[in-house]
Amino acid sequence: MKNPFDLSGRTALVTGSSRGLGFAIAKGLAEAGAAVVLNGVNTKRLADAAEELRNAGHRVEMLSFDVTDEKAVAAAFAELDARGIAVDILVNNAGIQYRKPMLELETENWQRVLDTNLTSAFLVGREAARRMVARGHGKIINIGSLMSDLGRATVAPYTVAKGGIKMLTKAMAAEWAELGIQANAIGPGYMLTDMNEALINNPQFDGWVKSRTPARRWGKPEELAGTAVFLASPAADYINGQIIYVDGGMSAVV
Ligand code: NDP
């Protein structure tokens with residue numbers, strides 16, 4: 001029997017894959033056989049990430065663009081078309097965090113977080129899906145969060161954006177499943193990345209994460225890779241519109 005998790009012959013675009021969870025996901029997809037297109041804004045970081053994966057023997061392309069910029073997103077896909085690259089797997093992962101109590105929150109930062117964490121997934125997803133529909137197949141994986149379902153003080157726009165990601169995933173499934181696309185989401189728990197540096201280094205917060213998470217530890221970025229490979233693979237061909245939490249059990253308990 002053919003390995004149902006094999007991604008050879010497939011190409012994956014992972015947004016925000018110059019570091020953190022996106023990089024770990026891109027690496028996992030590459031290890032499962034996919035060619036990967038890395039994305040980020042900082043071109044130096046992007047080049048370093050690409051080199052690391054190339055040195056490990058993977059097929060890697062780089063495409064630096066801002067996922068919030070509609071014109072840049074369209075230009076990026078035109079560039080992929082010109083390079084003869086068809087995106088079979090899209091991971092909408094790029095995101096930012098901004099922590100501030102809502103009473104003090106500036107409208108500009110509310111909008112910036114929504115643009116980067118939610119509208120981006122629509123913009124990049126739409127471009128990718130137009131091409132996937134023409135080919136009759138495609139996988140979209142949106143990166144949500146525990147905050148797709150749970151609230152927490154000081155992160156209102158992030159919570160709203162990640163709740164939106166869960167519902168955007170369902171909207172994509174509703175419209176595109178019959179066209180051969182499977183859209184699903186992953187909801188990571190508290191993971192060890194740059195985004196959480198201040199929290200990881202804060203003994204009080206670190207203690208809270210460990211006591212609140214049944215696994216009693218933070219997640220490692222590479223622990224998302226298996227779920228991404230699964231959702232990107234033929235093994236998940238009949239899974240549509242779901243969110244899978246990879247959170248050490250945090251969302252299962254109070
Ligand atoms: P990092 O801050 O470590 O990395 C963010 C990545 O996104 C970088 O590659 C960055 O590129 C890229 N990026 C940011 N803004 C843009 C933009 N406008 N256009 C293109 N790329 C951009 O974050 P994480 O790896 O921690 O998070 C990745 C995703 O996972 C996010 O959606 C986050 O919300 C989500 N998540 C993270 C959790 C965690 O605990 N870490 C938990 C739950 C969800 P550059 O290097 O150029 O800045």
# chains A, B, ... in the order shown; residues from 1 in each chain; ligands from 1
$ residues_around --residues "stretch 164-169 of chain A" --least-positions-apart "5" --cutoff "8 Å" --atoms "only C-alpha atoms" --output "list in words"
Asn117, Leu118, Ala121, Phe122, Asn142, Ile143, Gly144, Ser148, Ala183, Asn184, Ala185, Gly241, Gln242 and Ile243 of chain A
$ residues_around --residues "A:Ala129" --least-positions-apart "5" --cutoff "9 Å" --atoms "only C-alpha atoms" --output "count of residues only"
8
$ closest_residue --among "A:Glu222, A:Asp66, A:Asp194, A:Glu61" --to "A:Asn42" --atoms "only C-alpha atoms"
A:Asp66
$ select_by_dssp --residues "stretch 18-208 of chain A" --states "helix (DSSP H, G or I)" --output "PyMOL selection string"
chain A and resi 20-31+43-55+70-82+102-104+107-135+146-148+156-179+194-200+203-208
$ residues_near_ligand --ligand "ligand 1" --cutoff "7 Å" --atoms "only C-alpha atoms and all ligand atoms" --output "JSON, numbers by chain"
{"A": [15, 16, 17, 18, 19, 20, 21, 22, 39, 40, 41, 42, 43, 45, 46, 65, 66, 67, 68, 93, 94, 95, 96, 97, 116, 117, 143, 144, 145, 146, 187, 188, 189, 190, 191, 192, 193, 194, 195, 196]}
$ select_by_dssp --residues "stretch 15-146 of chain A" --states "strand (DSSP E)" --output "list of chain:residue names"
A:Ala35, A:Val36, A:Val37, A:Leu38, A:Val60, A:Glu61, A:Met62, A:Ile89, A:Leu90, A:Val91, A:Asn92, A:Gly138, A:Lys139, A:Ile140, A:Ile141, A:Asn142, A:Ile143
$ closest_residue --among "A:Glu52, A:Glu197, A:Asp6, A:Glu70" --to "A:Arg126" --atoms "only C-alpha atoms"
A:Glu70
$ atom_distance --atom1 "atom CA of A:Asp237" --atom2 "atom CA of A:Ala56"
28.8 Å
$ atom_distance --atom1 "atom CA of A:Gly248" --atom2 "atom CA of A:Pro221"
12.5 Å
$ closest_residue --among "A:Lys27, A:Lys162, A:Arg112, A:Lys220" --to "A:Leu53" --atoms "only C-alpha atoms"
A:Lys27
